[in-house]
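A quick write-up on the structure given underneath.
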Amino acid sequence: MAVVNAGVVVLDCAEPEKLAEFYKGLLDAEETEVSANRVEISGPGGFRMAFRRDVNATPPSWPRPENSLQAHLDFVVDDLDEAERKVVGLGGRPVEAKDALGPHEERGYSDPAGHSFTLRVNAPTGPKQG
């Protein structure tokens, strides 16, 4: 029997209500729990996130080395351009990173509170045809 039944990604921020709105829009999620200092959302496939109030939260500075990456989220999308328009429309910002793209096409962003995340398209799993 598993000791842990579920996991939730929790981001500290000064304004959890506002950050929850950003991720609700990005993930097509719904609020599942709200208290004075925490908002939790649930998205498709059971993905859960929470946003905890910390008035002293300092956003990471990634890709700059000072106060570097504290946590990083990856979201898989079908269309990077469409996903980028949604991110920017919700208040996210593109982040210029110098990392090699590797086998996946990806783009870095910062949410309205400064947390880093990446949108990426999975590489095809089958052999190249033709």
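Chains: A, B, ... in order of the structure tokens. Residues: from 1 per chain. Ligands: from 1, in order shown.
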Q. Could you name the residues that touch A:Glu84 at 12 Å or less, counting only C-alpha atoms, but leaving out those on the same chain fewer than 5 positions away, as number ranges by chain?
A. A: 26, 75, 77-79, 89-95, 106-111, 117-120
(Q) Residues within 8 Å of stretch 33-48 of chain A, please, as an NGL selection string. Count only C-alpha atoms; anything in the same chain fewer than 2 positions from it doesn't count. (A) :A and (7-9 or 16-17 or 20 or 24 or 27-31 or 50-53)
Q) Mind pulling up the distance from atom CA of A:Pro59 to atom CA of A:Leu80? A) 24.4 Å
Q) Which is closest to A:Thr32 among A:Leu19, A:Val121, A:Met49, A:Val76, if we use only C-alpha atoms? A)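 Smallest separation from A:Thr32 among the options: A:Met49.
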